[in-house]
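> Starting off with a structure, shown below.
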Amino acid sequence: MLLDKDIREPLFDFLEERYGKVRILEEKTVGNSRADVVMVIPDKIVGIEIKSDADTYTRLESQVADYDLYFDQNIVVVGSTHAGHVAEHVPDYWGIISVEEYDTGIKSDTGGKPDAEGLEDGVSDKLTHKIDFYVVREMQPNPRADLLRTIRILWRPELAHIQETYILPMYKGKSKDFVRTLIVDRLPAEIVHHEISEILFERDYAAMIEQIQEFRKAQAAKRGKTVRRKKKRYRRKKRDA
């Protein structure tokens with residue numbers, strides 16, 4: 001039986017081999033669900049849900065609804081026990097990848113030393129296993145995708161980068177939702193898709209966290225000055241009265 005932890009690393013290798021330039025992000029919150037894997041490819045963000053042999057379909061309906069709001073395309077990766085009927089549980093535009101484990105028929109070598117059971121030449125009696133992935137159905141464009149939701153994967157400094165690149169008003173005092181709407185309304189969809197992917201390809205988490213902290217400090221200092229000015233005006237009015 002293949003578990004989630006058995007599938008992930010081999011899956012990432014398979015996705016790189018199949019799609020070329022990719023970046024893998026794990027465990028991202030989308031709506032009321034947590035996406036197992038977010039795959040960034042040029043001009044697209046792909047949501048990937050893993051259903052191992054030990055998993056059930058209990059939450060899949062709500063997961064599909066959330067994934068469809070945020071990602072350009074989606075894939076469900078399933079253990080062999082689910083491969084025959086998972087298509088009944090996801091829309092026909094979702095891709096399906098089946099994962100199977102099999103014995104290679106080659107006994108593992110312990111490096112020429114006898115093993116614990118004293119087998120000659122240190123050959124183990126355990127067969128080595130290999131995991132294979134099969135594309136059961138190719139992913140198609142998600143007709144329910146919402147670019148205003150997809151762009152939520154970007155952080156405030158990354159949104160500012162798009163504003164600066166395309167000479168959009170900065171509106172530094174406005175909310176992130178206001179800025180997201182500005183970008184989506186002012187720029188063609190294909191440009192926004194491209195920028196989201198390129199930014200995620202280049203994202204440096206350590207540097208980005210530092211930028212966000214600096215931005216928050218600046219905002220807090222700005223709010224502090226506003227509060228002090230208001231208090232000063234209040235004291236002046238009270239004294240004059």
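In the structure tokens, chains take the letters A, B, ... in the order shown, each chain's residues start at 1, and ligands count up from 1 in the order shown.
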If you run DSSP on this backbone, which residues of region 31-226 of chain A come out as strand (DSSP E or B), and could you give them as a PyMOL selection string?

chain A and resi 33-41+44-51+73-79+95-109+123-137

> Let me make sure I understand: among A:Gly84, A:Gly79, A:Pro143, A:Pro188, which one has the smallest atom-to-atom distance to Val99 (chain A) if we use only C-alpha atoms?

A:Gly79

> Pull the helix (DSSP H, G or I) assignments for region 28-177 of chain A out of DSSP run on the backbone, and list those residues as a PyMOL selection string.

chain A and resi 60-70+86-88+120-122+147-153+156-165+176-177

> Mind giving me the straight-line distance from CA of Val22 (chain A) to CA of Gln140 (chain A) in Å, one decimal?

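These two atoms are separated by 17.6 Å.
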
> Kindly indicate which residue among A:Trp155, A:Tyr205, A:Trp94, A:Tyr57 lies nearest to Ile75 (chain A), using only C-alpha atoms for the distances.

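Answer, going by the shortest atom-to-atom distance: A:Trp94.
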
> Enter the distance from CA of Tyr166 (chain A) to CA of Arg149 (chain A), in Å, rounded to one decimal.

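Interatomic distance here is 20.4 Å.
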
> Between A:Asp68, A:Glu61, A:Glu101, A:Asp185, which has the minimum distance to Gly47 (chain A) (counting only C-alpha atoms)?

A:Asp68

> Work out how far CA of Asp66 (chain A) is from CA of Lys174 (chain A), in Å to one decimal.

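Answer for the CA of Lys174 (chain A) to CA of Asp66 (chain A) separation: 26.7 Å.
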
> If you count only C-alpha atoms, which residues fall within 10 Å of Leu11 (chain A), apart from same-chain ones fewer than 6 positions away, as a VMD selection string?

chain A and resid 17 50 77 97 99 131 to 133

> So, with only C-alpha atoms as the atoms that count, which of A:Val192, A:Val135, A:Ile209, A:Ile48 lies closest to Arg18 (chain A)?

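Nearest to Arg18 (chain A): A:Val135.
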
> Write out as a list in words the residues lying within 12 Å of Ala160 (chain A), counting only C-alpha atoms and excluding same-chain residues fewer than 3 positions away.

Leu154, Trp155, Arg156, Pro157, Gln163, Glu164, Thr165, Tyr166, Ile167, Leu168, Pro169, Met170, Tyr171, Lys172, Lys174, Ser175, Lys176, Val179, Arg180, Leu182, Ile183, Glu195, Ile199, Gln211, Ile212 and Phe215 of chain A

> Pick from A:Ala35, A:Leu2, A:Ala145, A:Ala83: nearest to Tyr70 (chain A), with only C-alpha atoms counted?

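Closest residue, counting only C-alpha atoms: A:Ala145.
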
> Using only C-alpha atoms, can you tell me which of A:Val64, A:Ala206, A:Leu69, A:Leu148 comes closest to His89 (chain A)?

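For His89 (chain A), the nearest of the given residues is A:Val64.
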
> So which residues touch Lys44 (chain A) within 9 Å, counting only C-alpha atoms, skipping near sequence neighbours fewer than 5 positions away, as number ranges by chain?

A: 39, 71-73, 193-194, 196-197

> Take the residues from that selection and write them out as a PDB file, in the first residue's frame, keeping N, CA, C and O atoms.


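As a result, part-v8.pdb now contains:
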ATOM      1  N   MET A  39       1.892  23.231  -8.450  1.00  0.00           N
ATOM      2  CA  MET A  39       2.961  23.157  -9.445  1.00  0.00           C
ATOM      3  C   MET A  39       2.936  24.424 -10.304  1.00  0.00           C
ATOM      4  O   MET A  39       1.921  24.739 -10.926  1.00  0.00           O
ATOM      5  N   PHE A  71      -6.938  27.584  -9.248  1.00  0.00           N
ATOM      6  CA  PHE A  71      -5.888  27.100 -10.137  1.00  0.00           C
ATOM      7  C   PHE A  71      -6.327  27.057 -11.599  1.00  0.00           C
ATOM      8  O   PHE A  71      -7.494  26.821 -11.908  1.00  0.00           O
ATOM      9  N   ASP A  72      -5.356  27.278 -12.483  1.00  0.00           N
ATOM     10  CA  ASP A  72      -5.644  27.275 -13.915  1.00  0.00           C
ATOM     11  C   ASP A  72      -5.990  25.870 -14.412  1.00  0.00           C
ATOM     12  O   ASP A  72      -6.815  25.702 -15.307  1.00  0.00           O
ATOM     13  N   GLN A  73      -5.329  24.881 -13.847  1.00  0.00           N
ATOM     14  CA  GLN A  73      -5.604  23.490 -14.176  1.00  0.00           C
ATOM     15  C   GLN A  73      -5.383  22.648 -12.916  1.00  0.00           C
ATOM     16  O   GLN A  73      -4.709  23.092 -11.981  1.00  0.00           O
ATOM     17  N   HIS A 193      -1.108  36.094 -15.820  1.00  0.00           N
ATOM     18  CA  HIS A 193      -0.725  34.689 -15.666  1.00  0.00           C
ATOM     19  C   HIS A 193       0.793  34.534 -15.763  1.00  0.00           C
ATOM     20  O   HIS A 193       1.418  33.832 -14.950  1.00  0.00           O
ATOM     21  N   HIS A 194       1.363  35.187 -16.756  1.00  0.00           N
ATOM     22  CA  HIS A 194       2.812  35.099 -16.957  1.00  0.00           C
ATOM     23  C   HIS A 194       3.570  35.654 -15.749  1.00  0.00           C
ATOM     24  O   HIS A 194       4.534  35.031 -15.272  1.00  0.00           O
ATOM     25  N   ILE A 196       2.549  35.991 -12.621  1.00  0.00           N
ATOM     26  CA  ILE A 196       2.386  35.137 -11.436  1.00  0.00           C
ATOM     27  C   ILE A 196       3.387  33.987 -11.477  1.00  0.00           C
ATOM     28  O   ILE A 196       4.090  33.707 -10.501  1.00  0.00           O
ATOM     29  N   SER A 197       3.469  33.317 -12.627  1.00  0.00           N
ATOM     30  CA  SER A 197       4.392  32.181 -12.754  1.00  0.00           C
ATOM     31  C   SER A 197       5.842  32.622 -12.592  1.00  0.00           C
ATOM     32  O   SER A 197       6.617  31.997 -11.856  1.00  0.00           O
TER      33      SER A 197
END

> I want to know what sits within 8 Å of Val136 (chain A), based on only C-alpha atoms, with residues of the same chain fewer than 6 positions away left out; could you give that as a ChimeraX atom specification?

/A:95-98
